[in-house]
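Coordinates as given in data.pdb (PDB, C-alpha atoms):
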```
ATOM      1  CA  ILE A 475      -4.578  -5.989  24.674  1.00  0.00           C
ATOM      2  CA  TRP A 476      -1.930  -7.132  22.198  1.00  0.00           C
ATOM      3  CA  GLY A 477      -3.206  -4.741  19.570  1.00  0.00           C
ATOM      4  CA  MET A 478      -3.182  -1.741  21.885  1.00  0.00           C
ATOM      5  CA  GLN A 479       0.314  -2.565  23.136  1.00  0.00           C
ATOM      6  CA  PHE A 480       1.580  -2.941  19.563  1.00  0.00           C
ATOM      7  CA  LYS A 481      -0.006   0.341  18.425  1.00  0.00           C
ATOM      8  CA  LEU A 482       1.398   2.230  21.399  1.00  0.00           C
ATOM      9  CA  LEU A 483       4.913   0.872  20.933  1.00  0.00           C
ATOM     10  CA  HIS A 484       4.793   1.446  17.182  1.00  0.00           C
ATOM     11  CA  SER A 485       3.544   5.016  17.575  1.00  0.00           C
ATOM     12  CA  PHE A 486       6.542   5.775  19.802  1.00  0.00           C
ATOM     13  CA  GLY A 487       8.958   4.335  17.264  1.00  0.00           C
ATOM     14  CA  GLU A 488       9.674   1.248  19.369  1.00  0.00           C
ATOM     15  CA  THR A 489       9.752  -0.992  16.306  1.00  0.00           C
ATOM     16  CA  GLU A 490      11.679  -3.904  17.816  1.00  0.00           C
ATOM     17  CA  ARG A 491       9.492  -4.008  20.908  1.00  0.00           C
ATOM     18  CA  ALA A 492       6.371  -3.718  18.738  1.00  0.00           C
ATOM     19  CA  LEU A 493       7.592  -6.642  16.632  1.00  0.00           C
ATOM     20  CA  SER A 494       8.360  -8.656  19.752  1.00  0.00           C
ATOM     21  CA  THR A 495       4.832  -7.960  21.040  1.00  0.00           C
ATOM     22  CA  LEU A 496       3.320  -9.186  17.778  1.00  0.00           C
ATOM     23  CA  ASN A 497       5.516 -12.289  17.767  1.00  0.00           C
ATOM     24  CA  ASP A 498       4.436 -13.097  21.341  1.00  0.00           C
ATOM     25  CA  ALA A 499       0.792 -12.558  20.445  1.00  0.00           C
ATOM     26  CA  LEU A 500       1.098 -14.782  17.375  1.00  0.00           C
ATOM     27  CA  THR A 501       2.528 -17.537  19.573  1.00  0.00           C
ATOM     28  CA  ASP A 502      -0.780 -17.510  21.451  1.00  0.00           C
ATOM     29  CA  TYR A 503      -2.968 -16.725  18.405  1.00  0.00           C
ATOM     30  CA  PRO A 504      -1.128 -18.073  15.338  1.00  0.00           C
ATOM     31  CA  ASP A 505      -4.190 -17.787  13.083  1.00  0.00           C
ATOM     32  CA  SER A 506      -5.108 -14.211  13.919  1.00  0.00           C
ATOM     33  CA  GLU A 507      -5.495 -12.381  10.620  1.00  0.00           C
ATOM     34  CA  GLN A 508      -5.376  -9.052  12.422  1.00  0.00           C
ATOM     35  CA  LEU A 509      -2.065  -9.826  14.138  1.00  0.00           C
ATOM     36  CA  LEU A 510      -0.544 -11.286  10.978  1.00  0.00           C
ATOM     37  CA  TYR A 511      -1.581  -8.216   9.001  1.00  0.00           C
ATOM     38  CA  ALA A 512      -0.152  -5.853  11.626  1.00  0.00           C
ATOM     39  CA  ARG A 513       3.151  -7.744  11.564  1.00  0.00           C
ATOM     40  CA  ALA A 514       3.176  -7.749   7.745  1.00  0.00           C
ATOM     41  CA  MET A 515       2.752  -3.966   7.719  1.00  0.00           C
ATOM     42  CA  LEU A 516       5.530  -3.625  10.291  1.00  0.00           C
ATOM     43  CA  TYR A 517       7.784  -5.788   8.134  1.00  0.00           C
ATOM     44  CA  ASP A 518       6.857  -3.494   5.237  1.00  0.00           C
ATOM     45  CA  THR A 519       8.215  -0.472   7.116  1.00  0.00           C
ATOM     46  CA  GLN A 520      11.459  -2.413   7.613  1.00  0.00           C
ATOM     47  CA  SER A 521      11.663  -3.415   3.921  1.00  0.00           C
ATOM     48  CA  GLU A 522      11.459  -7.091   4.916  1.00  0.00           C
ATOM     49  CA  LEU A 523       9.580  -8.160   1.789  1.00  0.00           C
ATOM     50  CA  PRO A 524       9.949 -11.964   2.212  1.00  0.00           C
ATOM     51  CA  LEU A 525       8.641 -11.809   5.794  1.00  0.00           C
ATOM     52  CA  MET A 526       5.814  -9.461   4.829  1.00  0.00           C
ATOM     53  CA  GLU A 527       4.866 -11.693   1.925  1.00  0.00           C
ATOM     54  CA  ALA A 528       4.880 -14.790   4.146  1.00  0.00           C
ATOM     55  CA  ASP A 529       2.454 -13.206   6.624  1.00  0.00           C
ATOM     56  CA  LEU A 530       0.111 -11.965   3.895  1.00  0.00           C
ATOM     57  CA  LYS A 531       0.135 -15.366   2.202  1.00  0.00           C
ATOM     58  CA  ARG A 532      -0.614 -16.992   5.569  1.00  0.00           C
ATOM     59  CA  ILE A 533      -3.662 -14.743   5.888  1.00  0.00           C
ATOM     60  CA  LEU A 534      -4.789 -15.795   2.410  1.00  0.00           C
ATOM     61  CA  VAL A 535      -4.444 -19.463   3.354  1.00  0.00           C
ATOM     62  CA  LEU A 536      -6.619 -18.808   6.415  1.00  0.00           C
ATOM     63  CA  ASN A 537      -9.070 -16.627   4.490  1.00  0.00           C
ATOM     64  CA  PRO A 538      -8.794 -16.795   0.681  1.00  0.00           C
ATOM     65  CA  LYS A 539     -11.261 -13.913   0.361  1.00  0.00           C
ATOM     66  CA  ASN A 540      -9.360 -11.407   2.483  1.00  0.00           C
ATOM     67  CA  ALA A 541      -9.315  -8.574  -0.055  1.00  0.00           C
ATOM     68  CA  VAL A 542      -7.219  -6.307   2.177  1.00  0.00           C
ATOM     69  CA  ALA A 543      -4.346  -8.797   2.459  1.00  0.00           C
ATOM     70  CA  MET A 544      -4.668  -9.681  -1.227  1.00  0.00           C
ATOM     71  CA  ASN A 545      -4.481  -6.018  -2.183  1.00  0.00           C
ATOM     72  CA  ALA A 546      -1.534  -5.312   0.109  1.00  0.00           C
ATOM     73  CA  LEU A 547       0.423  -8.191  -1.380  1.00  0.00           C
ATOM     74  CA  GLY A 548      -0.488  -7.277  -4.956  1.00  0.00           C
ATOM     75  CA  TYR A 549       0.424  -3.626  -4.486  1.00  0.00           C
ATOM     76  CA  THR A 550       3.724  -4.503  -2.831  1.00  0.00           C
ATOM     77  CA  LEU A 551       4.677  -6.930  -5.582  1.00  0.00           C
ATOM     78  CA  ALA A 552       3.901  -4.269  -8.210  1.00  0.00           C
ATOM     79  CA  ASP A 553       5.765  -1.573  -6.338  1.00  0.00           C
ATOM     80  CA  ARG A 554       8.881  -3.482  -5.298  1.00  0.00           C
ATOM     81  CA  THR A 555       9.350  -6.447  -7.599  1.00  0.00           C
ATOM     82  CA  ASP A 556       9.080  -7.427 -11.228  1.00  0.00           C
ATOM     83  CA  ARG A 557       6.315  -9.950 -10.421  1.00  0.00           C
ATOM     84  CA  LEU A 558       3.714  -7.835 -12.179  1.00  0.00           C
ATOM     85  CA  ASP A 559       1.574 -10.695 -13.517  1.00  0.00           C
ATOM     86  CA  GLU A 560       1.155 -12.057  -9.994  1.00  0.00           C
ATOM     87  CA  ALA A 561       0.434  -8.558  -8.695  1.00  0.00           C
ATOM     88  CA  LEU A 562      -2.236  -8.034 -11.348  1.00  0.00           C
ATOM     89  CA  GLN A 563      -3.911 -11.362 -10.498  1.00  0.00           C
ATOM     90  CA  LEU A 564      -4.018 -10.538  -6.778  1.00  0.00           C
ATOM     91  CA  VAL A 565      -5.348  -7.016  -7.221  1.00  0.00           C
ATOM     92  CA  THR A 566      -7.874  -8.141  -9.849  1.00  0.00           C
ATOM     93  CA  PHE A 567      -9.295 -10.708  -7.448  1.00  0.00           C
ATOM     94  CA  ALA A 568      -9.303  -8.171  -4.589  1.00  0.00           C
ATOM     95  CA  MET A 569     -11.217  -5.776  -6.838  1.00  0.00           C
ATOM     96  CA  GLN A 570     -13.773  -8.472  -7.661  1.00  0.00           C
ATOM     97  CA  LEU A 571     -14.355  -8.851  -3.913  1.00  0.00           C
ATOM     98  CA  LYS A 572     -14.443  -5.115  -3.141  1.00  0.00           C
ATOM     99  CA  PRO A 573     -14.990  -3.200  -6.396  1.00  0.00           C
ATOM    100  CA  ASN A 574     -15.591   0.188  -4.764  1.00  0.00           C
ATOM    101  CA  ASN A 575     -12.623   0.163  -2.415  1.00  0.00           C
ATOM    102  CA  PRO A 576     -10.425   3.165  -3.302  1.00  0.00           C
ATOM    103  CA  ALA A 577      -7.249   1.535  -1.953  1.00  0.00           C
ATOM    104  CA  ILE A 578      -7.785  -1.379  -4.312  1.00  0.00           C
ATOM    105  CA  MET A 579      -8.554   1.008  -7.203  1.00  0.00           C
ATOM    106  CA  ASP A 580      -5.282   2.779  -6.430  1.00  0.00           C
ATOM    107  CA  SER A 581      -3.409  -0.531  -6.437  1.00  0.00           C
ATOM    108  CA  MET A 582      -5.018  -1.526  -9.736  1.00  0.00           C
ATOM    109  CA  GLY A 583      -3.933   1.777 -11.210  1.00  0.00           C
ATOM    110  CA  TRP A 584      -0.419   1.329  -9.845  1.00  0.00           C
ATOM    111  CA  VAL A 585      -0.109  -2.194 -11.271  1.00  0.00           C
ATOM    112  CA  HIS A 586      -1.192  -0.930 -14.701  1.00  0.00           C
ATOM    113  CA  PHE A 587       1.248   1.971 -14.382  1.00  0.00           C
ATOM    114  CA  GLN A 588       4.081  -0.454 -13.656  1.00  0.00           C
ATOM    115  CA  LEU A 589       2.986  -2.514 -16.679  1.00  0.00           C
ATOM    116  CA  GLY A 590       3.312   0.618 -18.824  1.00  0.00           C
ATOM    117  CA  GLN A 591      -0.432   0.845 -19.424  1.00  0.00           C
ATOM    118  CA  ILE A 592      -0.672   4.534 -18.583  1.00  0.00           C
ATOM    119  CA  GLU A 593      -4.185   5.257 -19.858  1.00  0.00           C
ATOM    120  CA  THR A 594      -5.683   2.324 -17.948  1.00  0.00           C
ATOM    121  CA  ALA A 595      -3.670   3.341 -14.905  1.00  0.00           C
ATOM    122  CA  LEU A 596      -5.062   6.871 -15.112  1.00  0.00           C
ATOM    123  CA  GLU A 597      -8.646   5.577 -15.213  1.00  0.00           C
ATOM    124  CA  TYR A 598      -8.223   3.685 -11.945  1.00  0.00           C
ATOM    125  CA  LEU A 599      -6.100   6.336 -10.255  1.00  0.00           C
ATOM    126  CA  ARG A 600      -8.542   9.132 -11.113  1.00  0.00           C
ATOM    127  CA  LYS A 601     -11.434   7.087  -9.666  1.00  0.00           C
ATOM    128  CA  ALA A 602      -9.470   6.293  -6.516  1.00  0.00           C
ATOM    129  CA  HIS A 603      -8.419   9.916  -6.057  1.00  0.00           C
ATOM    130  CA  ALA A 604     -11.959  11.209  -6.574  1.00  0.00           C
ATOM    131  CA  VAL A 605     -13.257   8.969  -3.779  1.00  0.00           C
ATOM    132  CA  PHE A 606     -10.193   9.067  -1.526  1.00  0.00           C
ATOM    133  CA  PRO A 607      -7.811  11.996  -2.109  1.00  0.00           C
ATOM    134  CA  ASP A 608      -5.121  10.435   0.074  1.00  0.00           C
ATOM    135  CA  PRO A 609      -1.522  11.718  -0.385  1.00  0.00           C
ATOM    136  CA  GLU A 610      -0.276   8.335  -1.632  1.00  0.00           C
ATOM    137  CA  VAL A 611      -3.101   8.104  -4.158  1.00  0.00           C
ATOM    138  CA  ALA A 612      -2.316  11.677  -5.234  1.00  0.00           C
ATOM    139  CA  ALA A 613       1.362  10.769  -5.588  1.00  0.00           C
ATOM    140  CA  HIS A 614       0.477   7.823  -7.830  1.00  0.00           C
ATOM    141  CA  LEU A 615      -1.981   9.852  -9.894  1.00  0.00           C
ATOM    142  CA  GLY A 616       0.558  12.635 -10.307  1.00  0.00           C
ATOM    143  CA  GLU A 617       3.246  10.223 -11.415  1.00  0.00           C
ATOM    144  CA  ALA A 618       0.934   8.630 -13.997  1.00  0.00           C
ATOM    145  CA  LEU A 619      -0.161  12.062 -15.233  1.00  0.00           C
ATOM    146  CA  TRP A 620       3.485  13.069 -15.571  1.00  0.00           C
ATOM    147  CA  ALA A 621       4.233   9.916 -17.585  1.00  0.00           C
ATOM    148  CA  ALA A 622       1.240  10.732 -19.815  1.00  0.00           C
ATOM    149  CA  GLY A 623       2.729  14.150 -20.579  1.00  0.00           C
ATOM    150  CA  GLN A 624       0.249  16.000 -18.372  1.00  0.00           C
ATOM    151  CA  GLN A 625       2.823  17.674 -16.137  1.00  0.00           C
ATOM    152  CA  SER A 626       0.683  20.675 -15.318  1.00  0.00           C
ATOM    153  CA  GLU A 627      -2.160  18.503 -14.016  1.00  0.00           C
ATOM    154  CA  ALA A 628       0.354  16.344 -12.111  1.00  0.00           C
ATOM    155  CA  LYS A 629       1.743  19.443 -10.380  1.00  0.00           C
ATOM    156  CA  SER A 630      -1.784  20.562  -9.526  1.00  0.00           C
ATOM    157  CA  VAL A 631      -2.661  17.189  -7.961  1.00  0.00           C
ATOM    158  CA  TRP A 632       0.563  17.192  -5.941  1.00  0.00           C
ATOM    159  CA  ARG A 633       0.107  20.829  -4.862  1.00  0.00           C
ATOM    160  CA  GLU A 634      -3.401  20.116  -3.594  1.00  0.00           C
ATOM    161  CA  ALA A 635      -2.261  16.994  -1.746  1.00  0.00           C
ATOM    162  CA  ILE A 636       0.705  18.690  -0.104  1.00  0.00           C
ATOM    163  CA  GLN A 637      -1.580  21.464   1.168  1.00  0.00           C
ATOM    164  CA  SER A 638      -3.712  18.897   2.978  1.00  0.00           C
ATOM    165  CA  ASP A 639      -0.731  16.906   4.317  1.00  0.00           C
ATOM    166  CA  PRO A 640       2.507  18.928   4.155  1.00  0.00           C
ATOM    167  CA  GLU A 641       4.484  16.359   6.174  1.00  0.00           C
ATOM    168  CA  ASN A 642       3.696  13.252   4.100  1.00  0.00           C
ATOM    169  CA  ASP A 643       7.104  11.711   3.351  1.00  0.00           C
ATOM    170  CA  TYR A 644       5.880   9.518   0.492  1.00  0.00           C
ATOM    171  CA  LEU A 645       4.363  12.473  -1.329  1.00  0.00           C
ATOM    172  CA  LEU A 646       7.337  14.720  -0.608  1.00  0.00           C
ATOM    173  CA  ASP A 647       9.721  12.085  -2.016  1.00  0.00           C
ATOM    174  CA  ILE A 648       7.700  11.792  -5.239  1.00  0.00           C
ATOM    175  CA  ILE A 649       7.524  15.557  -5.681  1.00  0.00           C
ATOM    176  CA  LYS A 650      11.253  15.889  -5.039  1.00  0.00           C
ATOM    177  CA  ARG A 651      12.032  13.032  -7.450  1.00  0.00           C
ATOM    178  CA  PHE A 652      10.302  14.961 -10.230  1.00  0.00           C
ATOM    179  CA  GLY A 653      12.202  18.125  -9.385  1.00  0.00           C
ATOM    180  CA  GLN A 654       9.187  19.980  -8.069  1.00  0.00           C
ATOM    181  CA  PRO A 655       9.376  22.364  -5.099  1.00  0.00           C
TER     182      PRO A 655
END
```
As structure tokens, what does this structure read like?
Amino acid sequence: IWGMQFKLLHSFGETERALSTLNDALTDYPDSEQLLYARAMLYDTQSELPLMEADLKRILVLNPKNAVAMNALGYTLADRTDRLDEALQLVTFAMQLKPNNPAIMDSMGWVHFQLGQIETALEYLRKAHAVFPDPEVAAHLGEALWAAGQQSEAKSVWREAIQSDPENDYLLDIIKRFGQP
């Protein structure tokens, strides 16, 4: 019931009420990985990195092999902080647990991109995109291609992604940042 209530409130943009619902649920079920993860992702949308990190780390205390939480934390650290060594460790371990997961491949590529290892980043991002041509994966691949001097291929990847999801804000922001229509 908690999950459905949260999803409904969140889908209607009722962020504070959705957060309140999760907090109430976690009072009753403090060790629920699912509830902690949902709250972490909600904190992510509010740019509450310390709170998001705390919930993801709590999940990892409860379940040290939760590759999804590990990946989410690693990706976030790579994307929003300078804690790249920690991010790489988390995503590497997540990949050992789920080597064929395209979200984890994307994160691994993104960590390597942030480390300036463009060729390695491209290997992971191309694999992730081939299996899961999600707009965020396409945005990452395009950005790495651009950094590698392959602007024409980057534009092609972005063009294809925007055709499948023309309203994706993340992708639109990346395309706009690179001065593309």
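Checking A:Gln588, A:Thr550, A:Asn537, A:Gln520 one by one against A:Asp505, counting all atoms listed in the file, you find the shortest gap at A:Asn537.
In this comparison, which uses all atoms listed in the file, the residue of A:Phe587, A:Tyr503, A:Tyr644, A:Trp632 approaching A:Pro607 most closely is A:Trp632.
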Q: Check what the PyMOL selection byres ((chain A and resi 500) around 12) selects in the file above and give those residues as JSON, numbers by chain.
A: {"A": [476, 477, 493, 494, 495, 496, 497, 498, 499, 501, 502, 503, 504, 505, 506, 507, 508, 509, 510, 511, 512, 513, 529]}
Q: Given the file shown, determine the residues that the PyMOL selection byres ((chain A and resi 602) around 12) selects; report them as a ChimeraX atom specification.
A: /A:573-584,595-601,603-615
Quick one: write out the picked residues with C-alpha atoms as an mmCIF file, keeping the file's coordinate frame?
```cif
data_model
loop_
_atom_site.group_PDB
_atom_site.id
_atom_site.type_symbol
_atom_site.label_atom_id
_atom_site.label_comp_id
_atom_site.auth_asym_id
_atom_site.auth_seq_id
_atom_site.Cartn_x
_atom_site.Cartn_y
_atom_site.Cartn_z
ATOM 1 C CA PRO A 573 -14.990 -3.200 -6.396
ATOM 2 C CA ASN A 574 -15.591 0.188 -4.764
ATOM 3 C CA ASN A 575 -12.623 0.163 -2.415
ATOM 4 C CA PRO A 576 -10.425 3.165 -3.302
ATOM 5 C CA ALA A 577 -7.249 1.535 -1.953
ATOM 6 C CA ILE A 578 -7.785 -1.379 -4.312
ATOM 7 C CA MET A 579 -8.554 1.008 -7.203
ATOM 8 C CA ASP A 580 -5.282 2.779 -6.430
ATOM 9 C CA SER A 581 -3.409 -0.531 -6.437
ATOM 10 C CA MET A 582 -5.018 -1.526 -9.736
ATOM 11 C CA GLY A 583 -3.933 1.777 -11.210
ATOM 12 C CA TRP A 584 -0.419 1.329 -9.845
ATOM 13 C CA ALA A 595 -3.670 3.341 -14.905
ATOM 14 C CA LEU A 596 -5.062 6.871 -15.112
ATOM 15 C CA GLU A 597 -8.646 5.577 -15.213
ATOM 16 C CA TYR A 598 -8.223 3.685 -11.945
ATOM 17 C CA LEU A 599 -6.100 6.336 -10.255
ATOM 18 C CA ARG A 600 -8.542 9.132 -11.113
ATOM 19 C CA LYS A 601 -11.434 7.087 -9.666
ATOM 20 C CA HIS A 603 -8.419 9.916 -6.057
ATOM 21 C CA ALA A 604 -11.959 11.209 -6.574
ATOM 22 C CA VAL A 605 -13.257 8.969 -3.779
ATOM 23 C CA PHE A 606 -10.193 9.067 -1.526
ATOM 24 C CA PRO A 607 -7.811 11.996 -2.109
ATOM 25 C CA ASP A 608 -5.121 10.435 0.074
ATOM 26 C CA PRO A 609 -1.522 11.718 -0.385
ATOM 27 C CA GLU A 610 -0.276 8.335 -1.632
ATOM 28 C CA VAL A 611 -3.101 8.104 -4.158
ATOM 29 C CA ALA A 612 -2.316 11.677 -5.234
ATOM 30 C CA ALA A 613 1.362 10.769 -5.588
ATOM 31 C CA HIS A 614 0.477 7.823 -7.830
ATOM 32 C CA LEU A 615 -1.981 9.852 -9.894
#
```
Q) Residues picked by the PyMOL selection byres ((chain A and resi 622) around 12) here, as a ChimeraX atom specification? A) /A:587,590-596,615-621,623-628
Q.
Residues proximal to (10.9, -8.1, 4.1) were defined as those with any atom within 12 Å of that point in the file's coordinates, counting all atoms listed in the file. Which are they, as number ranges by chain?
A. A: 513-530, 547, 550-551, 554-555
Q: Counting all atoms listed in the file, figure out which residue out of A:Ile636, A:Val535, A:Leu589, A:Ala568 gets nearest to A:Asp556.
A: A:Leu589
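Taking atom CA of A:Ala561 as the reference point, atom CA of A:Ala635 is found at 26.6 Å.
The two atoms in question, atom CA of A:Gly548 and atom CA of A:Gln563, are spaced 7.7 Å apart.
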Q: Work out how far apart atom CA of A:Lys531 and atom CA of A:Thr489 are and give it in Å to one decimal.
A: 22.3 Å
For stretch 624-634 of chain A, where the input has fewer atoms than it should, I would like all heavy atoms rebuilt and written as a compact mmCIF listing (two decimals), in the coordinates of the input.
```txt
# COMPACT_ATOMS: atom_id res chain seq x y z
N GLN A 624 1.15 15.01 -18.96
CA GLN A 624 0.25 16.00 -18.37
C GLN A 624 0.88 16.58 -17.09
O GLN A 624 0.32 16.50 -16.00
CB GLN A 624 -1.11 15.35 -18.09
CG GLN A 624 -1.77 14.81 -19.35
CD GLN A 624 -3.02 13.99 -19.05
OE1 GLN A 624 -3.77 14.29 -18.14
NE2 GLN A 624 -3.23 12.95 -19.84
N GLN A 625 2.06 17.18 -17.27
CA GLN A 625 2.82 17.67 -16.14
C GLN A 625 2.08 18.75 -15.33
O GLN A 625 2.16 18.77 -14.11
CB GLN A 625 4.19 18.21 -16.60
CG GLN A 625 5.18 17.13 -16.96
CD GLN A 625 5.00 16.59 -18.37
OE1 GLN A 625 4.21 17.08 -19.16
NE2 GLN A 625 5.72 15.52 -18.68
N SER A 626 1.37 19.60 -16.03
CA SER A 626 0.68 20.68 -15.32
C SER A 626 -0.40 20.12 -14.40
O SER A 626 -0.56 20.56 -13.26
CB SER A 626 0.16 21.66 -16.35
OG SER A 626 -1.09 22.12 -16.08
N GLU A 627 -1.14 19.11 -14.87
CA GLU A 627 -2.16 18.50 -14.02
C GLU A 627 -1.51 17.72 -12.87
O GLU A 627 -2.00 17.71 -11.75
CB GLU A 627 -3.08 17.59 -14.83
CG GLU A 627 -4.26 17.10 -14.02
CD GLU A 627 -5.25 16.24 -14.81
OE1 GLU A 627 -5.15 16.16 -16.04
OE2 GLU A 627 -6.12 15.64 -14.15
N ALA A 628 -0.38 17.07 -13.16
CA ALA A 628 0.35 16.34 -12.11
C ALA A 628 0.76 17.30 -10.99
O ALA A 628 0.55 17.03 -9.81
CB ALA A 628 1.59 15.66 -12.70
N LYS A 629 1.33 18.45 -11.38
CA LYS A 629 1.74 19.44 -10.38
C LYS A 629 0.55 19.92 -9.56
O LYS A 629 0.65 20.12 -8.35
CB LYS A 629 2.41 20.64 -11.07
CG LYS A 629 3.75 20.34 -11.67
CD LYS A 629 4.28 21.58 -12.39
CE LYS A 629 5.46 21.28 -13.26
NZ LYS A 629 5.92 22.47 -13.99
N SER A 630 -0.57 20.11 -10.21
CA SER A 630 -1.78 20.56 -9.53
C SER A 630 -2.25 19.53 -8.50
O SER A 630 -2.61 19.88 -7.37
CB SER A 630 -2.87 20.84 -10.56
OG SER A 630 -4.07 21.17 -9.93
N VAL A 631 -2.26 18.26 -8.88
CA VAL A 631 -2.66 17.19 -7.96
C VAL A 631 -1.71 17.15 -6.76
O VAL A 631 -2.14 17.06 -5.61
CB VAL A 631 -2.69 15.82 -8.70
CG1 VAL A 631 -2.80 14.66 -7.72
CG2 VAL A 631 -3.83 15.79 -9.70
N TRP A 632 -0.42 17.23 -7.03
CA TRP A 632 0.56 17.19 -5.94
C TRP A 632 0.43 18.42 -5.03
O TRP A 632 0.51 18.30 -3.82
CB TRP A 632 1.98 17.12 -6.51
CG TRP A 632 2.32 15.81 -7.15
CD1 TRP A 632 1.78 14.58 -6.87
CD2 TRP A 632 3.27 15.59 -8.19
NE1 TRP A 632 2.36 13.62 -7.66
CE2 TRP A 632 3.27 14.21 -8.48
CE3 TRP A 632 4.12 16.42 -8.90
CZ2 TRP A 632 4.10 13.64 -9.45
CZ3 TRP A 632 4.94 15.86 -9.86
CH2 TRP A 632 4.93 14.49 -10.13
N ARG A 633 0.24 19.59 -5.64
CA ARG A 633 0.11 20.83 -4.86
C ARG A 633 -1.08 20.74 -3.90
O ARG A 633 -0.99 21.08 -2.73
CB ARG A 633 -0.05 22.01 -5.83
CG ARG A 633 0.53 23.31 -5.34
CD ARG A 633 0.49 24.45 -6.35
NE ARG A 633 -0.26 24.28 -7.57
CZ ARG A 633 0.28 24.00 -8.76
NH1 ARG A 633 1.57 23.87 -8.90
NH2 ARG A 633 -0.49 23.89 -9.84
N GLU A 634 -2.20 20.26 -4.41
CA GLU A 634 -3.40 20.12 -3.59
C GLU A 634 -3.18 19.12 -2.45
O GLU A 634 -3.57 19.36 -1.31
CB GLU A 634 -4.56 19.64 -4.48
CG GLU A 634 -5.88 19.56 -3.79
CD GLU A 634 -6.97 19.09 -4.74
OE1 GLU A 634 -7.14 19.71 -5.82
OE2 GLU A 634 -7.65 18.08 -4.41
```
